[in-house]
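Structure below is model.cif: mmCIF, C-alpha atoms.
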```
data_protein
loop_
_atom_site.label_atom_id
_atom_site.label_comp_id
_atom_site.auth_asym_id
_atom_site.auth_seq_id
_atom_site.Cartn_x
_atom_site.Cartn_y
_atom_site.Cartn_z
CA MET A 154 51.98 41.38 -7.34
CA LYS A 155 52.41 37.90 -8.81
CA ASP A 156 55.87 36.41 -8.84
CA TYR A 157 57.20 33.66 -11.06
CA LEU A 158 56.12 30.93 -8.62
CA ASP A 159 52.52 32.17 -8.91
CA GLU A 160 52.79 31.81 -12.70
CA LEU A 161 54.24 28.28 -12.47
CA GLU A 162 51.62 27.27 -9.91
CA ALA A 163 48.76 28.66 -12.01
CA GLU A 164 50.02 26.81 -15.11
CA ALA A 165 50.31 23.51 -13.22
CA ILE A 166 46.83 23.83 -11.69
CA TYR A 167 45.40 24.66 -15.12
CA ILE A 168 47.03 21.53 -16.55
CA LEU A 169 45.69 19.34 -13.72
CA ARG A 170 42.19 20.68 -14.34
CA GLU A 171 42.61 20.09 -18.09
CA VAL A 172 43.42 16.45 -17.30
CA ALA A 173 40.30 16.16 -15.16
CA GLY A 174 38.22 17.72 -17.93
CA GLN A 175 39.68 15.89 -20.93
CA PHE A 176 40.19 12.33 -19.65
CA ASP A 177 37.89 9.65 -18.24
CA ARG A 178 40.37 7.65 -16.13
CA PRO A 179 43.46 9.64 -15.14
CA ALA A 180 45.97 8.73 -12.42
CA LEU A 181 48.71 10.63 -10.60
CA LEU A 182 52.01 8.77 -10.27
CA PHE A 183 53.18 9.26 -6.70
CA SER A 184 56.51 7.93 -5.41
CA GLY A 185 56.97 9.93 -2.21
CA GLY A 186 59.64 12.06 -3.92
CA LYS A 187 59.70 15.86 -3.84
CA ASP A 188 58.31 16.40 -7.36
CA SER A 189 55.31 14.12 -6.92
CA ILE A 190 54.74 15.58 -3.44
CA CYS A 191 54.54 19.02 -5.11
CA LEU A 192 52.03 17.56 -7.60
CA VAL A 193 49.86 16.36 -4.72
CA HIS A 194 50.08 19.82 -3.14
CA LEU A 195 49.04 21.39 -6.46
CA ALA A 196 46.16 18.90 -6.76
CA LEU A 197 44.94 19.99 -3.33
CA LYS A 198 44.81 23.58 -4.60
CA ALA A 199 43.15 22.49 -7.84
CA PHE A 200 40.39 20.27 -6.41
CA ARG A 201 39.77 20.77 -2.68
CA PRO A 202 37.32 20.72 -0.97
CA GLY A 203 36.46 17.88 -3.36
CA LYS A 204 38.31 14.60 -3.66
CA PHE A 205 41.00 14.20 -6.32
CA PRO A 206 39.49 13.08 -9.65
CA PHE A 207 42.23 10.44 -9.87
CA PRO A 208 43.94 7.88 -7.61
CA LEU A 209 47.58 8.05 -6.57
CA VAL A 210 49.59 5.24 -8.17
CA HIS A 211 53.05 3.95 -7.27
CA VAL A 212 55.08 1.35 -9.13
CA ASP A 213 57.20 -0.07 -6.31
CA THR A 214 60.41 -1.67 -7.57
CA GLY A 215 61.16 -3.24 -4.18
CA HIS A 216 64.42 -1.26 -4.08
CA ASN A 217 62.95 2.00 -2.83
CA PHE A 218 64.17 3.99 0.16
CA ARG A 219 62.18 3.13 3.29
CA GLU A 220 61.83 6.81 4.19
CA ALA A 221 60.10 7.61 0.88
CA LEU A 222 57.66 4.69 1.18
CA GLU A 223 56.72 5.62 4.75
CA PHE A 224 56.11 9.20 3.65
CA ARG A 225 54.06 8.00 0.64
CA ASP A 226 51.74 5.93 2.81
CA ALA A 227 51.39 8.55 5.53
CA LEU A 228 50.51 11.38 3.14
CA ALA A 229 47.93 9.32 1.22
CA ALA A 230 46.30 8.29 4.53
CA GLU A 231 46.33 11.86 5.88
CA LEU A 232 44.64 13.18 2.74
CA GLY A 233 42.16 10.30 2.52
CA GLU A 234 43.02 9.73 -1.15
CA GLN A 235 43.17 6.34 -2.88
CA LEU A 236 46.69 4.90 -3.21
CA ILE A 237 47.27 2.04 -5.65
CA VAL A 238 50.63 0.21 -5.33
CA ARG A 239 51.82 -2.40 -7.78
CA ASN A 240 55.10 -4.27 -7.31
CA VAL A 241 57.76 -5.00 -9.91
CA ALA A 242 58.54 -8.30 -8.17
CA ASP A 243 55.00 -9.50 -8.96
CA THR A 244 55.48 -8.57 -12.62
CA ILE A 245 58.81 -10.40 -12.76
CA ALA A 246 57.17 -13.56 -11.42
CA LYS A 247 54.06 -13.30 -13.59
CA GLN A 248 55.82 -12.50 -16.85
CA LYS A 249 58.84 -14.68 -16.07
CA LEU A 250 61.22 -11.76 -16.57
CA GLN A 251 64.91 -11.82 -15.78
CA ASP A 252 65.54 -9.88 -12.57
CA ALA A 253 68.28 -7.27 -12.54
CA LYS A 254 71.84 -8.48 -11.97
CA GLY A 255 75.25 -6.94 -11.34
CA LYS A 256 76.76 -5.01 -8.47
CA PHE A 257 74.04 -2.34 -8.60
CA PRO A 258 70.99 -4.29 -9.86
CA SER A 259 68.62 -1.56 -10.99
CA ARG A 260 65.03 -2.50 -11.81
CA ASN A 261 64.46 0.78 -13.64
CA ALA A 262 63.90 -0.91 -16.98
CA LEU A 263 61.68 -3.60 -15.45
CA GLN A 264 59.32 -1.09 -13.83
CA THR A 265 58.09 -0.14 -17.30
CA TYR A 266 56.40 -3.57 -17.52
CA THR A 267 54.60 -2.95 -14.22
CA LEU A 268 53.59 0.56 -15.26
CA LEU A 269 52.08 -0.75 -18.50
CA GLU A 270 50.30 -3.49 -16.52
CA VAL A 271 48.70 -1.05 -14.10
CA ILE A 272 47.65 1.25 -16.95
CA GLU A 273 45.92 -1.73 -18.60
CA GLU A 274 44.45 -3.04 -15.35
CA PHE A 275 42.70 0.24 -14.48
CA GLU A 276 42.34 1.45 -18.09
CA PHE A 277 44.08 4.71 -17.28
CA ASP A 278 43.98 7.10 -20.22
CA ALA A 279 46.27 9.70 -18.65
CA CYS A 280 49.12 9.38 -16.15
CA ILE A 281 50.30 12.56 -14.44
CA GLY A 282 53.98 12.66 -13.50
CA GLY A 283 56.50 14.99 -11.91
CA ALA A 284 59.13 14.95 -14.66
CA ARG A 285 60.79 18.29 -15.44
CA ARG A 286 62.58 19.47 -18.58
CA ASP A 287 65.71 20.50 -16.70
CA GLU A 288 66.34 16.97 -15.40
CA GLU A 289 67.57 15.28 -18.55
CA LYS A 290 67.78 15.99 -22.30
CA ALA A 291 65.15 13.39 -23.29
CA ARG A 292 62.72 14.94 -20.82
CA ALA A 293 63.48 18.35 -22.33
CA LYS A 294 62.19 17.07 -25.69
CA GLU A 295 58.85 15.88 -24.40
CA ARG A 296 55.60 17.85 -24.52
CA VAL A 297 53.37 18.55 -21.48
CA PHE A 298 50.76 16.19 -22.97
CA SER A 299 52.80 13.27 -24.34
CA VAL A 300 50.89 10.67 -26.33
CA ARG A 301 51.87 6.98 -26.00
CA ASP A 302 50.70 4.32 -28.43
CA GLU A 303 48.80 1.15 -27.54
CA PHE A 304 52.09 -0.45 -26.48
CA GLY A 305 53.02 2.48 -24.21
CA GLN A 306 55.73 3.64 -26.60
CA TRP A 307 56.81 7.24 -27.15
CA ASP A 308 57.96 8.50 -30.54
CA PRO A 309 59.84 11.81 -30.24
CA LYS A 310 59.29 12.45 -33.99
CA LEU A 311 55.50 12.22 -33.67
CA GLN A 312 54.71 14.76 -30.99
CA ARG A 313 51.80 17.17 -31.11
CA PRO A 314 52.39 20.91 -31.16
CA GLU A 315 51.42 22.78 -28.00
CA LEU A 316 50.53 26.40 -28.72
CA TRP A 317 50.24 28.65 -25.69
CA SER A 318 48.02 26.76 -23.23
CA ILE A 319 46.20 24.55 -25.74
CA TYR A 320 46.66 20.89 -24.81
CA ASN A 321 45.32 18.18 -27.11
CA GLY A 322 44.20 15.11 -25.17
CA LYS A 323 42.40 13.34 -28.02
CA ILE A 324 43.51 9.74 -28.24
CA ASP A 325 42.40 6.54 -29.91
CA LYS A 326 41.38 3.42 -28.00
CA GLY A 327 44.39 1.79 -26.35
CA GLU A 328 46.51 4.93 -26.40
CA ASN A 329 47.24 6.99 -23.31
CA VAL A 330 48.84 10.29 -22.42
CA ARG A 331 51.61 11.10 -19.99
CA VAL A 332 51.07 14.57 -18.51
CA PHE A 333 53.79 16.71 -16.93
CA PRO A 334 52.31 19.75 -15.11
CA ILE A 335 55.68 20.90 -13.72
CA SER A 336 57.67 20.32 -16.89
CA ASN A 337 58.57 24.03 -17.04
CA TRP A 338 59.87 24.09 -13.45
CA THR A 339 63.53 23.74 -12.50
CA GLU A 340 64.92 21.94 -9.47
CA LEU A 341 65.44 25.34 -7.84
CA ASP A 342 61.84 26.35 -8.63
CA VAL A 343 60.62 23.22 -6.85
CA TRP A 344 62.64 24.03 -3.74
CA ASN A 345 61.57 27.68 -3.74
CA TYR A 346 57.95 26.47 -3.99
CA ILE A 347 58.48 23.95 -1.17
CA LYS A 348 59.81 26.80 0.97
CA ARG A 349 56.95 29.18 0.10
CA GLU A 350 54.22 26.60 0.66
CA ASN A 351 55.93 24.99 3.70
CA ILE A 352 55.57 21.53 2.15
CA ALA A 353 56.75 18.59 4.26
CA LEU A 354 59.24 16.11 2.72
CA PRO A 355 60.91 12.82 3.67
CA LYS A 356 63.96 13.39 5.87
CA ILE A 357 66.16 11.75 3.26
CA TYR A 358 66.31 15.07 1.36
CA PHE A 359 68.14 16.74 4.24
CA THR A 360 71.69 16.10 5.40
CA HIS A 361 72.18 13.08 7.64
CA GLU A 362 74.95 10.59 8.31
CA ARG A 363 74.72 7.45 6.17
CA GLU A 364 76.90 4.46 5.43
CA CYS A 365 77.69 4.52 1.72
CA VAL A 366 79.54 2.55 -0.93
CA LEU A 367 82.09 4.66 -2.82
CA THR A 368 81.84 3.69 -6.50
CA GLU A 369 84.64 3.76 -9.07
CA HIS A 370 83.06 6.95 -10.45
CA GLY A 371 83.18 8.61 -7.02
CA GLN A 372 79.43 8.33 -6.36
CA LEU A 373 78.06 7.51 -2.92
CA MET A 374 75.51 4.67 -2.99
CA ALA A 375 73.59 3.85 0.17
CA ASN A 376 74.95 0.59 1.60
CA ASN A 377 71.91 -1.68 1.45
CA GLU A 378 70.84 -5.29 1.11
CA PHE A 379 70.11 -5.00 -2.62
CA LEU A 380 73.72 -4.33 -3.67
CA ASN A 381 76.06 -7.18 -4.58
CA LEU A 382 79.32 -5.99 -3.08
CA ASP A 383 82.68 -7.71 -2.83
CA GLU A 384 85.56 -7.44 -0.41
CA ASN A 385 87.26 -4.71 -2.42
CA ASP A 386 84.36 -2.29 -2.16
CA ARG A 387 85.01 0.67 0.05
CA ILE A 388 82.38 1.50 2.68
CA VAL A 389 82.43 5.04 4.08
CA THR A 390 80.25 7.04 6.44
CA LYS A 391 79.47 10.51 5.14
CA LYS A 392 77.19 13.47 5.74
CA VAL A 393 74.90 13.20 2.71
CA ARG A 394 71.50 14.07 1.36
CA TYR A 395 69.53 13.05 -1.74
CA ARG A 396 68.65 15.42 -4.58
CA THR A 397 66.31 12.83 -6.10
CA VAL A 398 64.71 9.71 -4.64
CA GLY A 399 64.84 6.74 -6.96
CA ASP A 400 65.91 3.17 -6.29
CA MET A 401 68.64 2.50 -3.72
CA THR A 402 70.44 0.52 -6.45
CA CYS A 403 70.87 3.42 -8.87
CA THR A 404 70.48 6.67 -6.91
CA ALA A 405 73.55 8.26 -5.37
CA ALA A 406 73.69 10.66 -2.47
CA VAL A 407 75.63 13.91 -2.51
CA GLU A 408 77.85 15.16 0.29
CA SER A 409 76.14 18.11 1.86
CA GLU A 410 75.77 20.37 4.89
CA ALA A 411 72.20 21.33 3.97
CA TYR A 412 69.99 20.71 6.99
CA THR A 413 67.13 23.05 6.03
CA VAL A 414 65.25 24.12 2.92
CA ASP A 415 67.13 27.44 2.96
CA ASP A 416 70.44 25.54 3.09
CA ILE A 417 69.40 23.43 0.08
CA ILE A 418 68.37 26.47 -1.95
CA ALA A 419 71.73 28.10 -1.23
CA GLU A 420 73.53 24.87 -2.18
CA LEU A 421 71.63 24.54 -5.48
CA LYS A 422 72.51 28.10 -6.50
CA GLU A 423 76.15 27.01 -6.48
CA ALA A 424 75.61 23.56 -8.04
CA LYS A 425 77.43 22.87 -11.33
CA ILE A 426 75.89 19.46 -12.09
CA SER A 427 72.23 18.71 -12.80
CA GLU A 428 70.09 16.68 -10.41
CA ARG A 429 70.18 13.47 -12.46
CA GLY A 430 73.75 14.04 -13.64
CA ALA A 431 74.91 14.14 -10.03
CA THR A 432 72.92 11.21 -8.74
CA ARG A 433 71.65 8.66 -11.30
CA MET A 434 73.75 5.70 -12.37
CA ASP A 435 71.06 4.49 -14.79
CA ASP A 436 71.51 7.57 -17.00
CA ARG A 437 75.19 6.67 -17.50
CA ILE A 438 74.48 3.49 -19.44
CA SER A 439 74.55 5.42 -22.72
CA GLU A 440 74.06 8.94 -24.07
CA ALA A 441 70.46 8.04 -24.95
CA ALA A 442 69.63 5.89 -21.89
CA MET A 443 66.60 7.92 -20.79
CA GLU A 444 65.25 8.37 -24.33
CA ASP A 445 65.56 4.64 -24.99
CA ARG A 446 63.62 3.86 -21.80
CA LYS A 447 60.96 6.41 -22.72
CA LYS A 448 60.52 4.91 -26.18
CA GLY A 449 59.79 1.62 -24.43
CA GLY A 450 57.14 3.06 -22.13
CA TYR A 451 59.13 4.42 -19.18
CA PHE A 452 58.07 7.70 -17.67
#
```

Final structure tokens representation of the file:
Amino acid sequence: MKDYLDELEAEAIYILREVAGQFDRPALLFSGGKDSICLVHLALKAFRPGKFPFPLVHVDTGHNFREALEFRDALAAELGEQLIVRNVADTIAKQKLQDAKGKFPSRNALQTYTLLEVIEEFEFDACIGGARRDEEKARAKERVFSVRDEFGQWDPKLQRPELWSIYNGKIDKGENVRVFPISNWTELDVWNYIKRENIALPKIYFTHERECVLTEHGQLMANNEFLNLDENDRIVTKKVRYRTVGDMTCTAAVESEAYTVDDIIAELKEAKISERGATRMDDRISEAAMEDRKKGGYF
């Protein structure tokens, strides 16, 4: 008998195959985080024994967690799939952009420039990502096939209807589509799938001791060389894990005793705050922070 994970898996594989069938130059955005690792696992089921019909692409801000980057490189090498990495620092230098400032200098907004550059460089017409509707309200608005104009911009008022499993990938020259095969999954679905499929993850997702900076909002930021701290900042050592893996400058850890996948699933069943609500400083800039970034070309 099929369970709900079979249904979610079948939908995601169908979407990946639709991308392969409808687009000439797709790419899969792969950061070494749990959601994109699940996408790679789903792509294996969709296309093996053949090679993926798309490269893996990572926009590296230079502020990433070392554990995620090591996992990214190791998995791509193990699978023998093409990995394209482009660096935000190169974009800053080339376009003479202003680098991020402040105590927690996030390059989240700047990575949009690099993403648009790599799309243009390789003429990608579809970029597959691991965004989910339950993460954030702007992501809840977006369709599975999300059309971006020639400038990479998203207009939430001009989205195409998606009836049942009919996905419309027709675009004009210069436009591209962002595709979200696990948009209908929740954070708990992802972890239940990781458990069922025995998918390996970076150790950063599991509880470990880490030196952190306690912010004025009570968040625990990894103490790292990218932060601009002063003598009044409080450094603490805590047992923590990460629910999401973004930049070290804007992603907070959560205190946890979850050492295994089963522990994490039990912890999530009791969680009262969403994944991004608990961990992302960049979503606190304004009520519409994510939607504003998306309108500008962010994922």

Which polymer residues have any atom within 12 Å of an atom of Lys348 of chain A, counting all atoms listed in the file, with same-chain residues fewer than 2 positions away left out, as a list of chain:residue names?
->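 The filter keeps A:Leu158, A:Lys187, A:Cys191, A:Leu341, A:Asp342, A:Val343, A:Trp344, A:Asn345, A:Tyr346, A:Glu350, A:Asn351, A:Ile352, A:Ala353, A:Leu354, A:Thr413, A:Val414, A:Asp415, A:Asp416, A:Ile417, A:Ile418.
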
Can you give me, as JSON, numbers by chain, the residues this file yields under the PyMOL selection byres ((chain A and resi 355-363) around 12)?
-> {"A": [184, 185, 186, 187, 188, 190, 217, 218, 219, 220, 221, 222, 223, 224, 225, 226, 227, 228, 344, 352, 353, 354, 364, 365, 366, 367, 373, 374, 375, 376, 377, 388, 389, 390, 391, 392, 393, 394, 395, 396, 397, 398, 399, 401, 405, 406, 407, 408, 409, 410, 411, 412, 413, 414, 415, 416, 417, 418, 420]}

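Among A:Leu311, A:Gly233, A:Ser189, A:Thr368, the residue with the shortest atom-to-atom distance to Gly203 of chain A, counting only C-alpha atoms, is A:Gly233.
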
Please provide as an MDAnalysis selection string all residues within 12 Å of Tyr266 of chain A, with the sequence filter that same-chain residues fewer than 5 positions apart are discarded (counting all atoms listed in the file).
-> chainID A and resid 212:214 239:251 260:261 271:273 304:306 446 449:452

Mind dumping the selected residues with C-alpha atoms as an mmCIF file, in the frame of the given file?
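Full text of again_29.cif as output:
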```cif
data_model
loop_
_atom_site.group_PDB
_atom_site.id
_atom_site.type_symbol
_atom_site.label_atom_id
_atom_site.label_comp_id
_atom_site.auth_asym_id
_atom_site.auth_seq_id
_atom_site.Cartn_x
_atom_site.Cartn_y
_atom_site.Cartn_z
ATOM 1 C CA VAL A 212 55.080 1.350 -9.130
ATOM 2 C CA ASP A 213 57.200 -0.070 -6.310
ATOM 3 C CA THR A 214 60.410 -1.670 -7.570
ATOM 4 C CA ARG A 239 51.820 -2.400 -7.780
ATOM 5 C CA ASN A 240 55.100 -4.270 -7.310
ATOM 6 C CA VAL A 241 57.760 -5.000 -9.910
ATOM 7 C CA ALA A 242 58.540 -8.300 -8.170
ATOM 8 C CA ASP A 243 55.000 -9.500 -8.960
ATOM 9 C CA THR A 244 55.480 -8.570 -12.620
ATOM 10 C CA ILE A 245 58.810 -10.400 -12.760
ATOM 11 C CA ALA A 246 57.170 -13.560 -11.420
ATOM 12 C CA LYS A 247 54.060 -13.300 -13.590
ATOM 13 C CA GLN A 248 55.820 -12.500 -16.850
ATOM 14 C CA LYS A 249 58.840 -14.680 -16.070
ATOM 15 C CA LEU A 250 61.220 -11.760 -16.570
ATOM 16 C CA GLN A 251 64.910 -11.820 -15.780
ATOM 17 C CA ARG A 260 65.030 -2.500 -11.810
ATOM 18 C CA ASN A 261 64.460 0.780 -13.640
ATOM 19 C CA VAL A 271 48.700 -1.050 -14.100
ATOM 20 C CA ILE A 272 47.650 1.250 -16.950
ATOM 21 C CA GLU A 273 45.920 -1.730 -18.600
ATOM 22 C CA PHE A 304 52.090 -0.450 -26.480
ATOM 23 C CA GLY A 305 53.020 2.480 -24.210
ATOM 24 C CA GLN A 306 55.730 3.640 -26.600
ATOM 25 C CA ARG A 446 63.620 3.860 -21.800
ATOM 26 C CA GLY A 449 59.790 1.620 -24.430
ATOM 27 C CA GLY A 450 57.140 3.060 -22.130
ATOM 28 C CA TYR A 451 59.130 4.420 -19.180
ATOM 29 C CA PHE A 452 58.070 7.700 -17.670
#
```

For the contact check between segment 325-396 of chain A and segment 166-180 of chain A, emit one row per residue of segment 325-396 of chain A within 9 Å, containing the shortest atom pair and the distance in Å rounded to one decimal, counting only C-alpha atoms, chain then rising number order, as a tab-separated table.
```
residue	atom	partner	partner_atom	distance
A:Val332	CA	A:Val172	CA	8.0
A:Phe333	CA	A:Ile168	CA	8.3
A:Pro334	CA	A:Ile168	CA	5.8
```

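Interatomic distance, atom CA of Gly215 of chain A against atom CA of Gln235 of chain A: 20.4 Å.
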
Report the residues retrieved by the PyMOL selection byres ((chain A and resi 207) around 7) from the displayed file, expressed as a PDB file with C-alpha atoms, keeping the file's coordinate frame.
```
ATOM      1  CA  PRO A 179      43.460   9.640 -15.140  1.00  0.00           C
ATOM      2  CA  ALA A 180      45.970   8.730 -12.420  1.00  0.00           C
ATOM      3  CA  LEU A 181      48.710  10.630 -10.600  1.00  0.00           C
ATOM      4  CA  PHE A 205      41.000  14.200  -6.320  1.00  0.00           C
ATOM      5  CA  PRO A 206      39.490  13.080  -9.650  1.00  0.00           C
ATOM      6  CA  PRO A 208      43.940   7.880  -7.610  1.00  0.00           C
ATOM      7  CA  LEU A 209      47.580   8.050  -6.570  1.00  0.00           C
TER       8      LEU A 209
END
```

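With all atoms listed in the file as the atoms that count, the minimum distance from Val297 of chain A to the choices A:Lys204, A:Lys326, A:Leu161, A:Arg331 is reached by A:Arg331.
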
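Interatomic distance, atom CA of Lys254 of chain A to atom CA of Ile426 of chain A: 28.2 Å.
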
Between atom CA of Gln312 of chain A and atom CA of Arg296 of chain A - distance in Å to one decimal =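 Spanning atom CA of Arg296 of chain A to atom CA of Gln312 of chain A is a straight-line distance of 7.2 Å.
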
Selected by the PyMOL selection byres ((chain A and resi 335) around 8) in the shown coordinates: which residues, as number ranges by chain?
-> A: 161, 165, 192, 283-285, 333-334, 336-338

Hey, can you pull every residue with an atom no more than 10 Å from (76.3, -6.3, -8.6), using only C-alpha atoms, and send it as a VMD selection string?
-> chain A and resid 253 to 259 379 to 383 402

Quick one: of A:Thr267, A:Glu340, A:Asp400, A:Gly371, who's nearest to Ala424 of chain A, counting only C-alpha atoms?
->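 Among A:Thr267, A:Glu340, A:Asp400, A:Gly371, it is A:Glu340 that comes nearest to Ala424 of chain A.
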
For Lys310 of chain A, please output as a ChimeraX atom specification all residues within 12 Å (counting all atoms listed in the file; exclusion window: fewer than 5 positions along the same chain).
-> /A:294-296,299-300,448
